[in-house]
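Q: Below are the structure tokens for one structure; questions will follow.
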Amino acid sequence: MISYAVEQVSTYAKDIDFLILLICGLVGFWFFVAEGVLFFLIFKYRAKEGGKAAYMDGTDPKHTRFISWPHRFILICDVVIVVFAVKVWMGVKQTMPAPDQTVRVVAQQWSWSFQHPGPDNKLDTADDIKTLDELHVVVGQTVQFELVSPDVIHSFSVPVFRLKQDVIPGRAIKGWFKTTQTGSYDIQCAEICGIGHGAMVARIVIEQPERYAEWVAANVATATVPPAPAAPAPAPAAPAPK
Amino acid sequence: MTTTTASHHADAHAAGHAHDDHEQSFFVKYLWSTDHKVIGFQYMITGLLMAMIGGYMAYGFRMQLAWPGEWIPGVGFLSSQQYNAYVTTHGTVMIFWFAMPVLIAAFGNWLIPLMIGCDDMAFPRINRLSYQVFLISAVVLIGSFFVDGGAFGGAWTAYPPLSAKATMNLSPLGSTMWVLAVALEFVAFLLGGINFITTAMNARAPGMKMMDIPIVVWMIVVASILFMVSVGPLVAGAAMLVLDQQLGTAFYDPSGGGDPILWQHLFWFFGHPEVYVVLLPAMGVCAEIITCNARKKFFGYKTLLYTVFATGIISFFVWAHHQFVAGIDPRMANVFTITTLIISIPIAEMIFLYIATLAGGQIRLNVPMLWALSFVAEFLLGGVTGIFLGASGSDIYFHDTYFVIAHFHYTFVPIAVIACFAGFTHWIPKMTGKMMNETLGKLHFWTTIVGFNLVFLPLFITGMWGDHRRIYNYDHFPDLSTQALQDLRIASTVGLLIMIAAQGFFVWNLIWTWKKGPAAGNNPWQGTTLEWSTTSPPGHGNFHPMPTVYRGPYEYSVPGAEADFLPQSQPPA
Ligand SMILES: [Cu+2]
Ligand SMILES: [Cu+2]
């Protein structure tokens with residue numbers, strides 16, 4: 001469903017997609033059963049000349065079993081969904097595999113800046129590479145990220161990873177992903193953050209180790225200059241609303 | 001408890017209305033009235049007018065999304081700042097100034113005194129004050145569009161620090177006016193809620209026991225209780241937000257020791273029960289219409305009440321499902337996933353009871369019934385898609401996408417639009433004494449339903465394919481600039497245009513009803529509840545003489561009875 005339009009590029013993307021498919025199957029079944037019964041009853045019991053409606057108050061077990069039995073099955077479906085949802089959640093949000101690389105993501109009105117560890121693969125050292133609106137990672141590596149914001153709430157969303165995490169000013173929120181293929185994809189801000197929110201986009205570039213090493217070598221020299229915050233997104237000149 | 005107040009109340013009422021004998025001016029009769037029916041009309045009309053404003057906002061931003069950057073007829077060019085303000089105001093207006101006034105205040109005012117058989121609300125002057133405060137709140141909200149910096153654009157959830165700092169939201173006055181307007185609206189509904197609860201509990205007609213109260217009255221009472229219990233923390237939160245905005249305190253500012261997440265907890269502790277505050281009256285309206293037009297007793301009246309109470313209580317323990325990825329301790333997500341899925345149990349039970357009520361009926365598909373049945377059919381989709389968002393694992397992907405938008409519009413449109421029209425078409429013959437046009441009503445129904453589904457079905461897909469919320473132009477996002485997505489966005493906008501145009505039939509029908517609507521008589525739908533036993537429209541004081549209740553509210557098709565309905569007030573043979 002989702003992978004038809006949005007590729008699966010992280011190790012847990014397929015878990016989340018499976019969970020969504022599972023929920024879709026379970027609730028889809030009950031949805032169509034309920035709609036089917038609803039329309040069937042409307043058709044079957046439409047008013048007829050001289051007809052008389054049944055008189056029941058809904059306490060007779062002969063009648064209520066049509067509700068209580070489906071209800072038990074729904075409870076089972078709920079349990080199944082909870083189990084799978086919690087399992088997926090814990091895998092994505094409550095575990096922290098040993099990282100091959102650590103990056104810092106700074107979300108601010110209205111741009112993304114990224115701090116890469118540089119040749120020594122350690123953050124907060126002199127050889128860190130800082131970029132604007134472009135995050136470089138090595139395919140197949142586990143990346144740990146740290147999200148910070150100097151101003152308002154943003155949200156770090158990478159649809160191809162099925163990953164989303166709000167960025168909260170005053171906190172450094174950690175998370176992880178492990179990529180499965182090369183390519184370059186959108187990083188979106190998914191939490192409204194002001195007038196430039198609609199243009200707050202960055203790209204993640206997932207590369208083979210050799211290409212990544214080349215990129216590091218080419219950028220380590222220039223990386224000492226921190227990036228300036230981006231200008232607000234250009235908005236069309238507009239008259240006041242009437 | 002049930003018998004004492006009616007007469008005492010009538011005295012007080014007569015004293016307050018000694019001037020009734022002489023001609024009242026238009027102002028006193030319609031604008032300064034303490035009559036619950038007039039106040040119901042005031043709320044209904046104001047709510048519908050506010051819905052037009054909310055709809056205009058939706059028109060503006062959906063046009064922008066379908067044809068980004070183009071000039072929009074009737075709006076002009078929409079900047080990103082205005083886009084955010086439109087989105088914010090649309091959400092705020094539709095929930096606080098359309099759904100609540102129509103479902104709780106208008107129906108509550110119209111129906112509670114008429115259905116429990118008393119002459120007016122327990123506190124008529126508080127009732128008038130409630131509407132006046134509500135009207136002021138609406139003026140403050142609309143006024144925010146005309147101040148320096150324009151209306152607030154930080155979404156209806158108003159998360160700080162964005163909402164707290166003028167340097168970041170760029171609307172120093174608009175953001176404070178937004179908070180002020182919402183706070184005033186809460187005051188109005190607290191005043192209204194006190195009235196609804198007190199009236200329903202204390203002013204019932206002689207003979208009406210608790211289990212004889214019509215479902216819609218129960219629903220409005222429970223909704224009012226939910227509102228009153230949940231709103232306190234948010235009002236405290238709003239006070240802190242205004243202080244942060246105007247005095248530079250740091251309740252939500254981490255650099256001053258505050259915490260932005262605090263607001264989210266306060267907001268959603270109110271925000272989730274708020275869903276049920278509007279859902280329950282809508283379900284109540286539909287219960288009345290479905291029983292009446294299926295000519296059947298409600299299937300499991302008591303069971304329904306228990307599920308309503310259960311839903312109301314559980315709704316206070318699910319709020320953090322809006323915050324799974326907001327930076328709360330991830331272990332909390334597991335707890336809130338469980339509570340959220342638990343709430344699906346009573347809700348499913350409720351829907352099943354509605355469907356079961358149809359079995360064995362004699363279903364008349366008149367206009368109110370079409371609306372009421374479509375409420376059940378459409379709300380089902382809103383209900384089941386909520387599971388994707390309540391389950392933490394899948395919410396990681398769906399959070400803040402158009403899937404969420406599609407989901408909650410499949411709950412809120414049935415609530416605010418469909419149930420509103422259901423109740424309106426069902427009770428307007430009672431409130432005005434005139435029948436509406438059946439053909440125009442059906443045209444209005446079908447075009448609205450087609451438009452509505454065309455708006456929101458495509459949005460499930462765009463959300464699934466990655467469209468995230470509150471984006472004024474997707475051209476900025478390389479992965480979202482595909483033709484397929486754009487086609488779906490256009491389809492959704494076309495749906496909205498159909499839905500808006502469909503309301504022309506409604507306006508036409510109103511004019512037709514006004515000019516040549518046939519007389520309704522006391523009981524056009526052969527209903528059993530008390531409001532159908534008095535004149536249409538009910539005169540001052542509602543009932544002459546005051547009714548006595550002999551049976552439950554839904555005695556339709558009783559075996560052995562002559563007619564297929566036994567009114568609550570008809571003495572036993
Ligand atoms: Cu943003
Ligand atoms: Cu909720």
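Each chain of the structure tokens is named A, B, ... in the order shown, its residues numbered from 1; ligands are numbered from 1 in display order.
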Do you know which residues are within 9 Å of ligand 1 using only C-alpha atoms and all ligand atoms? Can you write them as JSON, numbers by chain?
A: {"A": [107, 108, 109, 110, 111, 152, 153, 154, 155, 156, 188, 189, 190, 191, 192, 193, 194, 195, 196, 197, 198, 199, 200, 201], "B": [470, 471]}
Q: Compile the contact shell of stretch 118-134 of chain A as a count of residues only: residues with an atom at most 12 Å away, counting only C-alpha atoms, same-chain residues fewer than 6 positions apart removed.
A: 50
Q: Could you list, as an MDAnalysis selection string, all residues that come within 8 Å of ligand 2? Count only C-alpha atoms and all ligand atoms.
A: chainID B and resid 268 271:273 275 315 318:322
Q: Name the residues of stretch 34-118 of chain A that fall into strand (DSSP E or B) according to DSSP on the backbone, using the chain letters and numbers of this document, as a list of chain:residue names.
A: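 In stretch 34-118 of chain A, DSSP puts these residues in strand (DSSP E or B): A:Arg46, A:Gln101, A:Thr102, A:Val103, A:Arg104, A:Val105, A:Val106, A:Ala107, A:Gln108, A:Ser111, A:Trp112, A:Ser113, A:Phe114, A:Gln115, A:His116.
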Q: Mind pulling up the distance from atom CA of B:Val102 to atom CA of B:Tyr556?
A: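 Result for atom CA of B:Tyr556 versus atom CA of B:Val102: 28.0 Å, one decimal.
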Q: Please report, as an MDAnalysis selection string, each residue of stretch 257-400 of chain B to which DSSP assigns alpha helix (DSSP H) when run on this structure's backbone.
A: chainID B and resid 260:294 301:314 330:358 367:390 392:398
Q: Return the single residue from B:Phe299, B:Tyr83, B:Phe388, B:Phe317 that is closest to A:Gly25, with distances computed using only C-alpha atoms.
A: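 Using only C-alpha atoms, the shortest distance to A:Gly25 belongs to B:Phe388.
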Q: Between atom CA of B:Gly193 and atom CA of B:Met228, what distance in Å does the model show, to one decimal?
A: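 Separation between atom CA of B:Gly193 and atom CA of B:Met228: 7.4 Å.
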Q: Suppose you want the space between atom CA of B:Leu380 and atom CA of B:Thr401; what is it in Å?
A: 20.3 Å
Q: May I have the residues within 10 Å of B:Gly466 as a list in words, using only C-alpha atoms and disregarding those fewer than 5 positions away in the same chain?
A: Ile2, Ala5, Val6, Ser157, Val158, Pro159, Val160, Arg162, Asp186 and Gln188 of chain A; Tyr397, Phe398, Asp400, Thr401, Tyr402, Phe403, Ile461, Asp479, Leu480 and Leu485 of chain B
Q: Take the selection from the previous step and output its residues with N, CA and C atoms, as a PDB file, in the first residue's frame.
A:
ATOM      1  N   ILE A   2       1.675   1.335   1.077  1.00  0.00           N
ATOM      2  CA  ILE A   2       2.535   2.512   1.179  1.00  0.00           C
ATOM      3  C   ILE A   2       3.739   2.352   0.265  1.00  0.00           C
ATOM      4  N   ALA A   5       4.165   3.665  -3.335  1.00  0.00           N
ATOM      5  CA  ALA A   5       4.589   5.024  -3.668  1.00  0.00           C
ATOM      6  C   ALA A   5       5.799   5.488  -2.868  1.00  0.00           C
ATOM      7  N   VAL A   6       5.990   4.904  -1.691  1.00  0.00           N
ATOM      8  CA  VAL A   6       7.091   5.355  -0.831  1.00  0.00           C
ATOM      9  C   VAL A   6       7.967   4.143  -0.529  1.00  0.00           C
ATOM     10  N   SER A 157      11.040  13.978  10.000  1.00  0.00           N
ATOM     11  CA  SER A 157      10.247  12.934   9.357  1.00  0.00           C
ATOM     12  C   SER A 157      10.927  12.478   8.082  1.00  0.00           C
ATOM     13  N   VAL A 158      11.177  11.189   8.006  1.00  0.00           N
ATOM     14  CA  VAL A 158      11.766  10.608   6.797  1.00  0.00           C
ATOM     15  C   VAL A 158      10.826   9.500   6.326  1.00  0.00           C
ATOM     16  N   PRO A 159       9.910   9.824   5.415  1.00  0.00           N
ATOM     17  CA  PRO A 159       8.890   8.842   5.052  1.00  0.00           C
ATOM     18  C   PRO A 159       9.457   7.510   4.547  1.00  0.00           C
ATOM     19  N   VAL A 160      10.559   7.539   3.813  1.00  0.00           N
ATOM     20  CA  VAL A 160      11.080   6.254   3.309  1.00  0.00           C
ATOM     21  C   VAL A 160      11.589   5.370   4.441  1.00  0.00           C
ATOM     22  N   ARG A 162       9.917   5.414   7.312  1.00  0.00           N
ATOM     23  CA  ARG A 162       8.718   5.345   8.163  1.00  0.00           C
ATOM     24  C   ARG A 162       9.040   5.921   9.548  1.00  0.00           C
ATOM     25  N   ASP A 186      13.560  12.649   0.714  1.00  0.00           N
ATOM     26  CA  ASP A 186      13.118  13.802   1.493  1.00  0.00           C
ATOM     27  C   ASP A 186      13.291  13.607   2.998  1.00  0.00           C
ATOM     28  N   GLN A 188      11.438  15.717   5.861  1.00  0.00           N
ATOM     29  CA  GLN A 188      10.417  16.761   5.949  1.00  0.00           C
ATOM     30  C   GLN A 188      10.294  17.229   7.382  1.00  0.00           C
TER      31      GLN A 188
ATOM     32  N   TYR B 397       4.477   6.394  11.536  1.00  0.00           N
ATOM     33  CA  TYR B 397       4.415   6.823  10.136  1.00  0.00           C
ATOM     34  C   TYR B 397       3.264   7.796   9.880  1.00  0.00           C
ATOM     35  N   PHE B 398       2.102   7.497  10.440  1.00  0.00           N
ATOM     36  CA  PHE B 398       0.917   8.282  10.054  1.00  0.00           C
ATOM     37  C   PHE B 398       0.798   9.621  10.766  1.00  0.00           C
ATOM     38  N   ASP B 400       0.671  13.212  11.958  1.00  0.00           N
ATOM     39  CA  ASP B 400       0.820  14.476  11.231  1.00  0.00           C
ATOM     40  C   ASP B 400       0.868  14.323   9.717  1.00  0.00           C
ATOM     41  N   THR B 401       0.223  13.278   9.196  1.00  0.00           N
ATOM     42  CA  THR B 401       0.043  13.198   7.744  1.00  0.00           C
ATOM     43  C   THR B 401      -1.427  13.453   7.420  1.00  0.00           C
ATOM     44  N   TYR B 402      -1.728  13.487   6.129  1.00  0.00           N
ATOM     45  CA  TYR B 402      -3.110  13.671   5.703  1.00  0.00           C
ATOM     46  C   TYR B 402      -3.994  12.492   6.076  1.00  0.00           C
ATOM     47  N   PHE B 403      -3.379  11.355   6.405  1.00  0.00           N
ATOM     48  CA  PHE B 403      -4.185  10.230   6.886  1.00  0.00           C
ATOM     49  C   PHE B 403      -4.923  10.643   8.163  1.00  0.00           C
ATOM     50  N   ILE B 461      -5.199   8.470   0.900  1.00  0.00           N
ATOM     51  CA  ILE B 461      -4.109   7.998   0.032  1.00  0.00           C
ATOM     52  C   ILE B 461      -2.944   8.977   0.041  1.00  0.00           C
ATOM     53  N   ASP B 479      10.073  14.596  -3.206  1.00  0.00           N
ATOM     54  CA  ASP B 479       9.377  13.305  -3.215  1.00  0.00           C
ATOM     55  C   ASP B 479       7.859  13.448  -3.269  1.00  0.00           C
ATOM     56  N   LEU B 480       7.354  14.648  -3.021  1.00  0.00           N
ATOM     57  CA  LEU B 480       5.898  14.836  -2.998  1.00  0.00           C
ATOM     58  C   LEU B 480       5.392  15.602  -4.214  1.00  0.00           C
ATOM     59  N   LEU B 485       0.040  12.375  -6.869  1.00  0.00           N
ATOM     60  CA  LEU B 485      -0.361  13.056  -5.639  1.00  0.00           C
ATOM     61  C   LEU B 485      -1.130  14.327  -5.948  1.00  0.00           C
TER      62      LEU B 485
END
Q: Excluding stretch 424-432 of chain B and its own-chain neighbours fewer than 6 positions away, which residues fall within 8 Å of it when counting only C-alpha atoms? Please give them as an MDAnalysis selection string.
A: chainID B and resid 37 110 289 367:368 520 522:524 531:532 535:538
Q: Let's have the selection written as a PDB file, in the first residue's frame, with C-alpha atoms.
A:
ATOM      1  CA  LYS B  37     -36.032  28.101  22.048  1.00  0.00           C
ATOM      2  CA  TRP B 110     -34.098  23.292  21.839  1.00  0.00           C
ATOM      3  CA  ILE B 289     -34.196   9.961  14.517  1.00  0.00           C
ATOM      4  CA  VAL B 367     -34.530  13.266   4.909  1.00  0.00           C
ATOM      5  CA  PRO B 368     -33.649  13.239   8.629  1.00  0.00           C
ATOM      6  CA  ALA B 520     -46.276  20.704  10.392  1.00  0.00           C
ATOM      7  CA  ASN B 522     -47.913  18.843  16.482  1.00  0.00           C
ATOM      8  CA  ASN B 523     -46.399  15.518  15.534  1.00  0.00           C
ATOM      9  CA  PRO B 524     -45.372  15.237  11.881  1.00  0.00           C
ATOM     10  CA  GLU B 531     -41.705  17.640  22.375  1.00  0.00           C
ATOM     11  CA  TRP B 532     -44.169  16.133  19.878  1.00  0.00           C
ATOM     12  CA  THR B 535     -47.765  22.779  19.528  1.00  0.00           C
ATOM     13  CA  SER B 536     -45.357  23.553  16.677  1.00  0.00           C
ATOM     14  CA  PRO B 537     -43.750  25.913  17.422  1.00  0.00           C
ATOM     15  CA  PRO B 538     -44.220  25.535  21.163  1.00  0.00           C
TER      16      PRO B 538
END
